[in-house]
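Novice: The following file, model-v8.cif, comprises mmCIF, C-alpha atoms and all ligand atoms:
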data_upload
loop_
_atom_site.group_PDB
_atom_site.id
_atom_site.type_symbol
_atom_site.label_atom_id
_atom_site.label_comp_id
_atom_site.auth_asym_id
_atom_site.auth_seq_id
_atom_site.Cartn_x
_atom_site.Cartn_y
_atom_site.Cartn_z
ATOM 1 C CA LEU A 1475 -34.113 -62.571 -5.947
ATOM 2 C CA ASP A 1476 -31.335 -65.120 -5.894
ATOM 3 C CA GLN A 1477 -29.461 -62.983 -8.348
ATOM 4 C CA ALA A 1478 -29.802 -59.833 -6.261
ATOM 5 C CA PRO A 1479 -26.414 -58.242 -5.734
ATOM 6 C CA PRO A 1480 -25.261 -57.127 -2.299
ATOM 7 C CA ASP A 1481 -26.526 -53.712 -1.216
ATOM 8 C CA GLY A 1482 -25.662 -51.047 -3.715
ATOM 9 C CA ALA A 1483 -23.586 -53.395 -5.851
ATOM 10 C CA VAL A 1484 -24.193 -53.726 -9.566
ATOM 11 C CA ALA A 1485 -25.531 -56.992 -10.960
ATOM 12 C CA PRO A 1486 -24.083 -58.450 -14.180
ATOM 13 C CA ASN A 1487 -27.048 -57.134 -16.176
ATOM 14 C CA GLY A 1488 -26.311 -53.588 -14.987
ATOM 15 C CA SER A 1489 -29.139 -53.344 -12.499
ATOM 16 C CA ALA A 1490 -28.492 -52.077 -8.993
ATOM 17 C CA ARG A 1491 -30.312 -50.607 -6.062
ATOM 18 C CA GLN A 1492 -30.662 -46.848 -5.961
ATOM 19 C CA LEU A 1493 -31.820 -44.524 -3.213
ATOM 20 C CA PRO A 1494 -35.258 -43.078 -4.034
ATOM 21 C CA HIS A 1495 -35.467 -40.288 -6.585
ATOM 22 C CA THR A 1496 -38.920 -39.540 -5.280
ATOM 23 C CA ILE A 1497 -40.953 -40.527 -2.228
ATOM 24 C CA ILE A 1498 -44.709 -40.739 -1.807
ATOM 25 C CA ILE A 1499 -44.842 -39.186 1.661
ATOM 26 C CA GLY A 1500 -48.568 -39.586 2.300
ATOM 27 C CA VAL A 1501 -51.195 -39.002 3.346
ATOM 28 C CA ARG A 1502 -52.364 -42.174 5.037
ATOM 29 C CA LYS A 1503 -55.517 -43.387 3.219
ATOM 30 C CA GLY A 1504 -55.054 -40.753 0.537
ATOM 31 C CA GLY A 1505 -54.636 -43.307 -2.230
ATOM 32 C CA THR A 1506 -50.902 -43.889 -1.785
ATOM 33 C CA ARG A 1507 -51.009 -47.517 -2.941
ATOM 34 C CA ALA A 1508 -53.042 -46.631 -6.031
ATOM 35 C CA LEU A 1509 -50.575 -43.863 -6.868
ATOM 36 C CA LEU A 1510 -47.568 -46.161 -6.466
ATOM 37 C CA GLU A 1511 -49.139 -48.926 -8.556
ATOM 38 C CA MET A 1512 -50.202 -46.533 -11.281
ATOM 39 C CA LEU A 1513 -46.797 -44.885 -11.418
ATOM 40 C CA SER A 1514 -45.228 -48.346 -11.654
ATOM 41 C CA LEU A 1515 -46.937 -48.743 -15.039
ATOM 42 C CA HIS A 1516 -44.136 -46.553 -16.334
ATOM 43 C CA PRO A 1517 -41.177 -48.581 -17.612
ATOM 44 C CA ASP A 1518 -38.714 -46.086 -16.159
ATOM 45 C CA VAL A 1519 -40.042 -46.442 -12.613
ATOM 46 C CA ALA A 1520 -38.878 -48.999 -10.047
ATOM 47 C CA ALA A 1521 -40.985 -49.084 -6.903
ATOM 48 C CA ALA A 1522 -40.304 -50.550 -3.477
ATOM 49 C CA GLU A 1523 -43.107 -52.994 -2.820
ATOM 50 C CA ASN A 1524 -43.547 -52.505 0.921
ATOM 51 C CA GLU A 1525 -43.772 -49.425 3.062
ATOM 52 C CA VAL A 1526 -40.184 -48.906 4.164
ATOM 53 C CA HIS A 1527 -40.665 -46.705 7.274
ATOM 54 C CA PHE A 1528 -37.030 -45.637 7.203
ATOM 55 C CA PHE A 1529 -37.307 -42.001 8.256
ATOM 56 C CA ASP A 1530 -40.020 -42.457 10.885
ATOM 57 C CA TRP A 1531 -39.020 -45.673 12.693
ATOM 58 C CA GLU A 1532 -35.931 -45.274 14.871
ATOM 59 C CA GLU A 1533 -34.951 -48.940 14.604
ATOM 60 C CA HIS A 1534 -34.702 -48.462 10.845
ATOM 61 C CA TYR A 1535 -33.253 -44.959 10.770
ATOM 62 C CA ARG A 1536 -30.489 -45.990 13.159
ATOM 63 C CA GLN A 1537 -29.272 -48.498 10.576
ATOM 64 C CA GLY A 1538 -28.409 -45.738 8.143
ATOM 65 C CA LEU A 1539 -28.692 -45.188 4.409
ATOM 66 C CA GLY A 1540 -27.042 -48.538 3.635
ATOM 67 C CA TRP A 1541 -30.038 -50.262 5.151
ATOM 68 C CA TYR A 1542 -32.428 -47.941 3.320
ATOM 69 C CA LEU A 1543 -30.688 -48.742 0.049
ATOM 70 C CA SER A 1544 -30.992 -52.454 0.735
ATOM 71 C CA GLN A 1545 -34.797 -52.041 0.884
ATOM 72 C CA MET A 1546 -34.956 -50.613 -2.633
ATOM 73 C CA PRO A 1547 -35.743 -52.698 -5.709
ATOM 74 C CA LEU A 1548 -33.167 -53.511 -8.336
ATOM 75 C CA SER A 1549 -33.316 -50.987 -11.133
ATOM 76 C CA ALA A 1550 -31.552 -49.999 -14.310
ATOM 77 C CA PRO A 1551 -29.482 -46.788 -14.182
ATOM 78 C CA HIS A 1552 -32.070 -44.790 -16.179
ATOM 79 C CA GLN A 1553 -34.948 -45.801 -13.886
ATOM 80 C CA LEU A 1554 -36.361 -43.681 -11.082
ATOM 81 C CA THR A 1555 -36.716 -45.426 -7.754
ATOM 82 C CA VAL A 1556 -39.781 -44.625 -5.639
ATOM 83 C CA GLU A 1557 -40.930 -45.729 -2.230
ATOM 84 C CA LYS A 1558 -44.112 -44.890 -0.351
ATOM 85 C CA THR A 1559 -44.545 -44.590 3.385
ATOM 86 C CA PRO A 1560 -47.727 -42.618 4.156
ATOM 87 C CA ALA A 1561 -46.736 -42.048 7.778
ATOM 88 C CA TYR A 1562 -43.899 -39.730 6.700
ATOM 89 C CA PHE A 1563 -46.252 -36.834 5.972
ATOM 90 C CA THR A 1564 -47.517 -36.495 9.549
ATOM 91 C CA SER A 1565 -44.256 -37.294 11.351
ATOM 92 C CA PRO A 1566 -42.554 -34.005 12.391
ATOM 93 C CA LYS A 1567 -39.000 -35.382 12.453
ATOM 94 C CA VAL A 1568 -39.128 -36.792 8.928
ATOM 95 C CA PRO A 1569 -38.739 -33.704 6.679
ATOM 96 C CA ALA A 1570 -35.297 -32.786 8.101
ATOM 97 C CA ARG A 1571 -34.147 -36.372 7.705
ATOM 98 C CA VAL A 1572 -35.322 -36.645 4.107
ATOM 99 C CA HIS A 1573 -33.663 -33.306 3.367
ATOM 100 C CA GLY A 1574 -30.472 -34.639 4.951
ATOM 101 C CA MET A 1575 -30.468 -37.508 2.468
ATOM 102 C CA ASN A 1576 -31.190 -35.404 -0.606
ATOM 103 C CA PRO A 1577 -32.210 -31.724 -0.458
ATOM 104 C CA ALA A 1578 -33.137 -31.773 -4.168
ATOM 105 C CA LEU A 1579 -35.586 -34.665 -3.868
ATOM 106 C CA ARG A 1580 -38.997 -34.416 -5.533
ATOM 107 C CA LEU A 1581 -41.840 -35.424 -3.252
ATOM 108 C CA LEU A 1582 -45.289 -36.753 -4.028
ATOM 109 C CA LEU A 1583 -48.186 -36.089 -1.695
ATOM 110 C CA ILE A 1584 -51.648 -37.470 -2.397
ATOM 111 C CA LEU A 1585 -54.520 -35.883 -0.489
ATOM 112 C CA ARG A 1586 -58.244 -36.371 -0.452
ATOM 113 C CA ASP A 1587 -61.216 -34.727 1.195
ATOM 114 C CA PRO A 1588 -60.142 -34.489 4.865
ATOM 115 C CA SER A 1589 -63.492 -35.731 6.232
ATOM 116 C CA GLU A 1590 -63.555 -38.668 3.845
ATOM 117 C CA ARG A 1591 -59.967 -39.426 4.825
ATOM 118 C CA VAL A 1592 -61.028 -39.593 8.476
ATOM 119 C CA LEU A 1593 -63.740 -42.130 7.616
ATOM 120 C CA SER A 1594 -61.268 -44.143 5.577
ATOM 121 C CA ASP A 1595 -58.758 -44.011 8.446
ATOM 122 C CA TYR A 1596 -61.443 -45.184 10.889
ATOM 123 C CA THR A 1597 -62.477 -48.008 8.525
ATOM 124 C CA GLN A 1598 -58.869 -49.183 8.228
ATOM 125 C CA VAL A 1599 -58.427 -49.407 12.005
ATOM 126 C CA LEU A 1600 -61.850 -51.010 12.406
ATOM 127 C CA TYR A 1601 -60.912 -53.753 9.922
ATOM 128 C CA ASN A 1602 -57.561 -54.314 11.642
ATOM 129 C CA HIS A 1603 -59.495 -54.963 14.849
ATOM 130 C CA VAL A 1604 -62.100 -57.150 13.174
ATOM 131 C CA GLN A 1605 -59.316 -59.268 11.670
ATOM 132 C CA LYS A 1606 -57.858 -59.804 15.129
ATOM 133 C CA ARG A 1607 -61.364 -60.409 16.506
ATOM 134 C CA LYS A 1608 -60.992 -57.425 18.790
ATOM 135 C CA PRO A 1609 -63.812 -54.997 19.562
ATOM 136 C CA TYR A 1610 -63.640 -51.447 18.245
ATOM 137 C CA PRO A 1611 -65.914 -48.474 19.015
ATOM 138 C CA SER A 1612 -68.433 -47.183 16.492
ATOM 139 C CA ILE A 1613 -67.645 -44.120 14.380
ATOM 140 C CA GLU A 1614 -69.952 -42.046 16.619
ATOM 141 C CA GLU A 1615 -68.086 -43.196 19.704
ATOM 142 C CA VAL A 1616 -64.711 -42.087 18.356
ATOM 143 C CA LEU A 1617 -65.966 -38.849 16.812
ATOM 144 C CA VAL A 1618 -68.169 -37.525 19.608
ATOM 145 C CA ARG A 1619 -67.294 -36.670 23.168
ATOM 146 C CA GLY A 1620 -69.665 -34.822 25.478
ATOM 147 C CA GLY A 1621 -71.963 -33.938 22.591
ATOM 148 C CA ARG A 1622 -69.115 -32.268 20.682
ATOM 149 C CA LEU A 1623 -66.679 -33.359 18.036
ATOM 150 C CA ASN A 1624 -63.869 -35.236 19.779
ATOM 151 C CA VAL A 1625 -60.928 -33.184 18.564
ATOM 152 C CA ASP A 1626 -58.524 -35.546 20.341
ATOM 153 C CA TYR A 1627 -59.335 -38.308 17.858
ATOM 154 C CA LYS A 1628 -55.991 -38.766 16.118
ATOM 155 C CA ALA A 1629 -57.451 -39.281 12.665
ATOM 156 C CA LEU A 1630 -58.725 -35.699 12.729
ATOM 157 C CA ASN A 1631 -55.207 -34.400 13.251
ATOM 158 C CA ARG A 1632 -53.888 -36.382 10.295
ATOM 159 C CA SER A 1633 -56.363 -34.510 8.086
ATOM 160 C CA LEU A 1634 -55.046 -31.092 9.180
ATOM 161 C CA TYR A 1635 -52.986 -30.915 6.025
ATOM 162 C CA HIS A 1636 -51.737 -27.346 6.480
ATOM 163 C CA VAL A 1637 -50.137 -28.221 9.827
ATOM 164 C CA HIS A 1638 -48.158 -31.124 8.389
ATOM 165 C CA LEU A 1639 -47.278 -29.478 5.100
ATOM 166 C CA ARG A 1640 -45.773 -26.526 6.996
ATOM 167 C CA ASN A 1641 -43.233 -28.894 8.532
ATOM 168 C CA TRP A 1642 -42.188 -29.992 5.047
ATOM 169 C CA LEU A 1643 -42.036 -26.468 3.678
ATOM 170 C CA ARG A 1644 -39.343 -25.628 6.210
ATOM 171 C CA PHE A 1645 -37.086 -27.989 4.249
ATOM 172 C CA PHE A 1646 -38.485 -28.314 0.723
ATOM 173 C CA PRO A 1647 -39.817 -25.582 -1.566
ATOM 174 C CA LEU A 1648 -43.408 -26.035 -2.682
ATOM 175 C CA HIS A 1649 -42.398 -26.578 -6.302
ATOM 176 C CA ARG A 1650 -40.632 -29.776 -5.279
ATOM 177 C CA ILE A 1651 -43.782 -31.164 -3.653
ATOM 178 C CA HIS A 1652 -46.354 -32.336 -6.159
ATOM 179 C CA ILE A 1653 -49.816 -32.693 -4.709
ATOM 180 C CA VAL A 1654 -51.947 -35.366 -6.324
ATOM 181 C CA ASP A 1655 -55.692 -34.877 -6.001
ATOM 182 C CA GLY A 1656 -56.720 -38.216 -4.501
ATOM 183 C CA ASP A 1657 -60.429 -37.671 -5.151
ATOM 184 C CA ARG A 1658 -59.697 -37.109 -8.841
ATOM 185 C CA LEU A 1659 -57.354 -40.083 -8.909
ATOM 186 C CA ILE A 1660 -60.334 -42.209 -7.879
ATOM 187 C CA ARG A 1661 -62.733 -40.698 -10.433
ATOM 188 C CA ASP A 1662 -60.370 -40.376 -13.380
ATOM 189 C CA PRO A 1663 -56.806 -41.512 -12.702
ATOM 190 C CA PHE A 1664 -55.141 -40.911 -16.062
ATOM 191 C CA PRO A 1665 -54.941 -37.069 -16.016
ATOM 192 C CA GLU A 1666 -53.583 -37.127 -12.447
ATOM 193 C CA ILE A 1667 -50.930 -39.657 -13.439
ATOM 194 C CA GLN A 1668 -49.956 -37.592 -16.475
ATOM 195 C CA LYS A 1669 -49.262 -34.664 -14.148
ATOM 196 C CA VAL A 1670 -47.039 -36.896 -12.036
ATOM 197 C CA GLU A 1671 -45.135 -38.019 -15.143
ATOM 198 C CA ARG A 1672 -44.495 -34.385 -16.025
ATOM 199 C CA PHE A 1673 -43.473 -33.478 -12.471
ATOM 200 C CA LEU A 1674 -40.953 -36.319 -12.400
ATOM 201 C CA ARG A 1675 -39.784 -35.454 -15.928
ATOM 202 C CA LEU A 1676 -40.653 -38.917 -17.129
ATOM 203 C CA SER A 1677 -41.423 -39.409 -20.794
ATOM 204 C CA PRO A 1678 -45.195 -39.711 -21.345
ATOM 205 C CA GLN A 1679 -45.555 -43.476 -21.516
ATOM 206 C CA ILE A 1680 -48.592 -44.237 -19.380
ATOM 207 C CA ASN A 1681 -51.751 -44.274 -21.491
ATOM 208 C CA ALA A 1682 -55.489 -43.930 -20.925
ATOM 209 C CA SER A 1683 -55.735 -47.558 -22.054
ATOM 210 C CA ASN A 1684 -53.778 -48.584 -18.936
ATOM 211 C CA PHE A 1685 -56.919 -47.885 -16.883
ATOM 212 C CA TYR A 1686 -60.356 -49.403 -17.040
ATOM 213 C CA PHE A 1687 -63.305 -48.991 -14.730
ATOM 214 C CA ASN A 1688 -64.253 -52.208 -12.961
ATOM 215 C CA LYS A 1689 -67.945 -52.096 -12.103
ATOM 216 C CA THR A 1690 -67.700 -54.885 -9.548
ATOM 217 C CA LYS A 1691 -64.959 -53.142 -7.614
ATOM 218 C CA GLY A 1692 -66.390 -49.702 -8.257
ATOM 219 C CA PHE A 1693 -62.883 -48.379 -8.927
ATOM 220 C CA TYR A 1694 -60.435 -48.091 -11.767
ATOM 221 C CA CYS A 1695 -58.148 -51.073 -12.222
ATOM 222 C CA LEU A 1696 -54.922 -51.367 -14.168
ATOM 223 C CA ARG A 1697 -54.231 -52.962 -17.521
ATOM 224 C CA ASP A 1698 -50.586 -53.658 -18.064
ATOM 225 C CA GLY A 1699 -49.391 -55.505 -21.160
ATOM 226 C CA GLY A 1700 -52.726 -57.299 -21.438
ATOM 227 C CA ARG A 1701 -52.710 -58.160 -17.740
ATOM 228 C CA ASP A 1702 -55.637 -56.771 -15.756
ATOM 229 C CA ARG A 1703 -55.420 -56.178 -12.059
ATOM 230 C CA CYS A 1704 -57.290 -54.296 -9.381
ATOM 231 C CA LEU A 1705 -55.912 -53.099 -6.081
ATOM 232 C CA HIS A 1706 -56.202 -55.389 -3.066
ATOM 233 C CA GLU A 1707 -59.682 -55.761 -1.574
ATOM 234 C CA SER A 1708 -58.572 -53.664 1.414
ATOM 235 C CA LYS A 1709 -58.442 -50.680 -0.967
ATOM 236 C CA GLY A 1710 -61.797 -49.176 -1.815
ATOM 237 C CA ARG A 1711 -63.834 -50.276 1.184
ATOM 238 C CA ALA A 1712 -67.266 -48.981 2.079
ATOM 239 C CA HIS A 1713 -67.179 -46.312 4.789
ATOM 240 C CA PRO A 1714 -69.563 -46.237 7.737
ATOM 241 C CA GLN A 1715 -72.828 -44.351 7.427
ATOM 242 C CA VAL A 1716 -72.507 -41.218 9.508
ATOM 243 C CA ASP A 1717 -75.398 -39.212 10.893
ATOM 244 C CA PRO A 1718 -75.743 -36.137 8.617
ATOM 245 C CA LYS A 1719 -75.476 -33.788 11.600
ATOM 246 C CA LEU A 1720 -72.211 -35.367 12.664
ATOM 247 C CA LEU A 1721 -70.927 -35.282 9.122
ATOM 248 C CA HIS A 1722 -71.794 -31.603 9.019
ATOM 249 C CA LYS A 1723 -69.781 -31.056 12.205
ATOM 250 C CA LEU A 1724 -66.849 -32.803 10.594
ATOM 251 C CA HIS A 1725 -67.081 -30.636 7.493
ATOM 252 C CA GLU A 1726 -67.320 -27.533 9.671
ATOM 253 C CA TYR A 1727 -64.272 -28.586 11.647
ATOM 254 C CA PHE A 1728 -62.154 -28.754 8.502
ATOM 255 C CA HIS A 1729 -63.456 -25.570 6.931
ATOM 256 C CA GLU A 1730 -60.823 -23.177 8.329
ATOM 257 C CA PRO A 1731 -57.899 -25.640 8.146
ATOM 258 C CA ASN A 1732 -58.772 -26.285 4.501
ATOM 259 C CA LYS A 1733 -58.772 -22.565 3.760
ATOM 260 C CA LYS A 1734 -55.359 -22.280 5.361
ATOM 261 C CA PHE A 1735 -54.134 -25.195 3.292
ATOM 262 C CA PHE A 1736 -55.424 -23.689 0.027
ATOM 263 C CA GLU A 1737 -53.624 -20.435 0.846
ATOM 264 C CA LEU A 1738 -50.449 -22.311 1.623
ATOM 265 C CA VAL A 1739 -50.388 -24.140 -1.707
ATOM 266 C CA GLY A 1740 -52.041 -21.423 -3.841
ATOM 267 C CA ARG A 1741 -54.575 -23.894 -5.127
ATOM 268 C CA THR A 1742 -58.041 -25.077 -4.115
ATOM 269 C CA PHE A 1743 -59.505 -28.558 -3.900
ATOM 270 C CA ASP A 1744 -63.060 -29.731 -4.241
ATOM 271 C CA TRP A 1745 -63.485 -30.639 -0.557
ATOM 272 C CA HIS A 1746 -66.525 -30.208 1.712
HETATM 273 P P1 LIG B 1 -60.906 -46.526 0.952
HETATM 274 O O1 LIG B 1 -60.604 -47.986 1.028
HETATM 275 O O2 LIG B 1 -61.233 -45.942 2.274
HETATM 276 O O3 LIG B 1 -61.932 -46.181 -0.087
HETATM 277 P P2 LIG B 1 -53.985 -45.825 0.806
HETATM 278 O O4 LIG B 1 -53.441 -46.721 -0.271
HETATM 279 O O5 LIG B 1 -53.199 -44.571 0.958
HETATM 280 O O6 LIG B 1 -54.244 -46.563 2.069
HETATM 281 O O7 LIG B 1 -55.393 -45.311 0.291
HETATM 282 C C1 LIG B 1 -56.484 -46.164 0.179
HETATM 283 C C2 LIG B 1 -57.527 -45.471 -0.647
HETATM 284 O O8 LIG B 1 -57.136 -45.432 -2.011
HETATM 285 C C3 LIG B 1 -58.846 -46.193 -0.655
HETATM 286 O O9 LIG B 1 -59.558 -45.776 0.469
HETATM 287 C C4 LIG B 1 -59.452 -45.756 -1.995
HETATM 288 O O10 LIG B 1 -60.485 -44.813 -1.848
HETATM 289 C C5 LIG B 1 -58.298 -45.065 -2.725
HETATM 290 N N1 LIG B 1 -58.133 -45.457 -4.120
HETATM 291 C C6 LIG B 1 -57.760 -44.595 -5.092
HETATM 292 N N2 LIG B 1 -57.745 -45.192 -6.277
HETATM 293 C C7 LIG B 1 -58.100 -46.482 -6.061
HETATM 294 C C8 LIG B 1 -58.266 -47.602 -6.938
HETATM 295 N N3 LIG B 1 -58.058 -47.482 -8.245
HETATM 296 N N4 LIG B 1 -58.640 -48.785 -6.381
HETATM 297 C C9 LIG B 1 -58.864 -48.874 -5.057
HETATM 298 N N5 LIG B 1 -58.726 -47.853 -4.187
HETATM 299 C C10 LIG B 1 -58.353 -46.656 -4.674
#
Is it possible to express this structure as structure tokens?
Ligand code: A3P

Specialist:
Amino acid sequence: LDQAPPDGAVAPNGSARQLPHTIIIGVRKGGTRALLEMLSLHPDVAAAENEVHFFDWEEHYRQGLGWYLSQMPLSAPHQLTVEKTPAYFTSPKVPARVHGMNPALRLLLILRDPSERVLSDYTQVLYNHVQKRKPYPSIEEVLVRGGRLNVDYKALNRSLYHVHLRNWLRFFPLHRIHIVDGDRLIRDPFPEIQKVERFLRLSPQINASNFYFNKTKGFYCLRDGGRDRCLHESKGRAHPQVDPKLLHKLHEYFHEPNKKFFELVGRTFDWH
């Protein structure tokens, strides 16, 4: 880090910071960290470690592209820079801003079963509260109001993928948005990552041997130059048990939105 050049400047070894060539725009709890880590296995990819929140947080956006650039990792000229901020997908002002930076950008969007995503979203917030020793309502309490599904629960809205994707399609053609199947990425990551390599026109350098299933974690972990590592323990948490009737209501709620989404992207997903 000591040798990092000033923003945008070139270091003696030829490395510099570059604005992203691709952005993982979401969805929150879709598997965005897994996707970023897996993509980083590629030698021609340089990834920003933290979520940058440039396009969605005013205090960052105000500081302009120079600030954004300063948040990017050092990279060689041939490398693709990628950042991930899952909140971009559901933030209506973001697509125009991203387009303003680079209308030819390729975008990555990782989605998973909308109901499962809601449970993952709930679990994330629950854990945040537990960590701060604050109380948090049960899953039933957030999902049900007056005997019906509480459609005001924000996590439900984040799973209405067709609504959010429409905002992006006003600025980016569908062929520039690659949708990663987050459920498949969990079950068998390599084929999903190969598709991403092709979409980004990267040479095929990530191998099946870069992934191994870790029985203790219950998820695939990464093997990189003999080094094994799993994602942080906050990734791959058990979800709350939900009453089957309530789960059914959740599945029903997403039925029509999912159909709309499949029509929008001309592709179906194996969702409830
Ligand atoms: P859960 O913890 O609810 O299972 P994000 O990084 O966008 O927050 O997504 C987190 C989700 O990534 C996790 O949600 C988990 O299901 C999923 N995931 C996908 N591949 C994973 C992997 N190899 N290891 C751990 N979690 C993975």

Novice: Please check which protein, DNA or RNA residues sit within 7 Å of ligand LIG 1 (chain B), counting only C-alpha atoms and all ligand atoms, and write them as a count of residues only.

Specialist: 27

Novice: At a cut-off of 12 Å, using only C-alpha atoms, what residues contact region 1667-1674 of chain A? Leave out same-chain residues fewer than 6 positions from it and give the result as a PyMOL selection string.

Specialist: chain A and resi 1495-1498+1508-1519+1553-1556+1579-1584+1649-1656+1658-1660+1680-1682+1684-1685

Novice: Which one of A:Met1546, A:Leu1593, A:Leu1539, A:Val1616 sits closest to Asn1576 (chain A) if you count only C-alpha atoms?

Specialist: A:Leu1539

Novice: What is the CA of Asp1587 (chain A) to CA of Lys1734 (chain A) distance in Å?

Specialist: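 Going from CA of Asp1587 (chain A) over to CA of Lys1734 (chain A) covers 14.4 Å.
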
Novice: Can you pull out every residue within 12 Å of Leu1543 (chain A), counting only C-alpha atoms, but drop anything in the same chain fewer than 2 positions away, and send it as an mmCIF file with C-alpha atoms, in the frame of the given file?

Specialist:
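In the end it all went to part-v2.cif:
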data_model
loop_
_atom_site.group_PDB
_atom_site.id
_atom_site.type_symbol
_atom_site.label_atom_id
_atom_site.label_comp_id
_atom_site.auth_asym_id
_atom_site.auth_seq_id
_atom_site.Cartn_x
_atom_site.Cartn_y
_atom_site.Cartn_z
ATOM 1 C CA PRO A 1479 -26.414 -58.242 -5.734
ATOM 2 C CA PRO A 1480 -25.261 -57.127 -2.299
ATOM 3 C CA ASP A 1481 -26.526 -53.712 -1.216
ATOM 4 C CA GLY A 1482 -25.662 -51.047 -3.715
ATOM 5 C CA ALA A 1483 -23.586 -53.395 -5.851
ATOM 6 C CA ALA A 1490 -28.492 -52.077 -8.993
ATOM 7 C CA ARG A 1491 -30.312 -50.607 -6.062
ATOM 8 C CA GLN A 1492 -30.662 -46.848 -5.961
ATOM 9 C CA LEU A 1493 -31.820 -44.524 -3.213
ATOM 10 C CA PRO A 1494 -35.258 -43.078 -4.034
ATOM 11 C CA HIS A 1495 -35.467 -40.288 -6.585
ATOM 12 C CA ALA A 1522 -40.304 -50.550 -3.477
ATOM 13 C CA VAL A 1526 -40.184 -48.906 4.164
ATOM 14 C CA PHE A 1528 -37.030 -45.637 7.203
ATOM 15 C CA HIS A 1534 -34.702 -48.462 10.845
ATOM 16 C CA TYR A 1535 -33.253 -44.959 10.770
ATOM 17 C CA GLN A 1537 -29.272 -48.498 10.576
ATOM 18 C CA GLY A 1538 -28.409 -45.738 8.143
ATOM 19 C CA LEU A 1539 -28.692 -45.188 4.409
ATOM 20 C CA GLY A 1540 -27.042 -48.538 3.635
ATOM 21 C CA TRP A 1541 -30.038 -50.262 5.151
ATOM 22 C CA GLN A 1545 -34.797 -52.041 0.884
ATOM 23 C CA MET A 1546 -34.956 -50.613 -2.633
ATOM 24 C CA PRO A 1547 -35.743 -52.698 -5.709
ATOM 25 C CA LEU A 1548 -33.167 -53.511 -8.336
ATOM 26 C CA SER A 1549 -33.316 -50.987 -11.133
ATOM 27 C CA THR A 1555 -36.716 -45.426 -7.754
ATOM 28 C CA VAL A 1556 -39.781 -44.625 -5.639
ATOM 29 C CA GLU A 1557 -40.930 -45.729 -2.230
ATOM 30 C CA MET A 1575 -30.468 -37.508 2.468
#

Novice: To one decimal place in Å, what is the distance between CA of His1603 (chain A) and CA of Arg1586 (chain A)?

Specialist: 24.1 Å
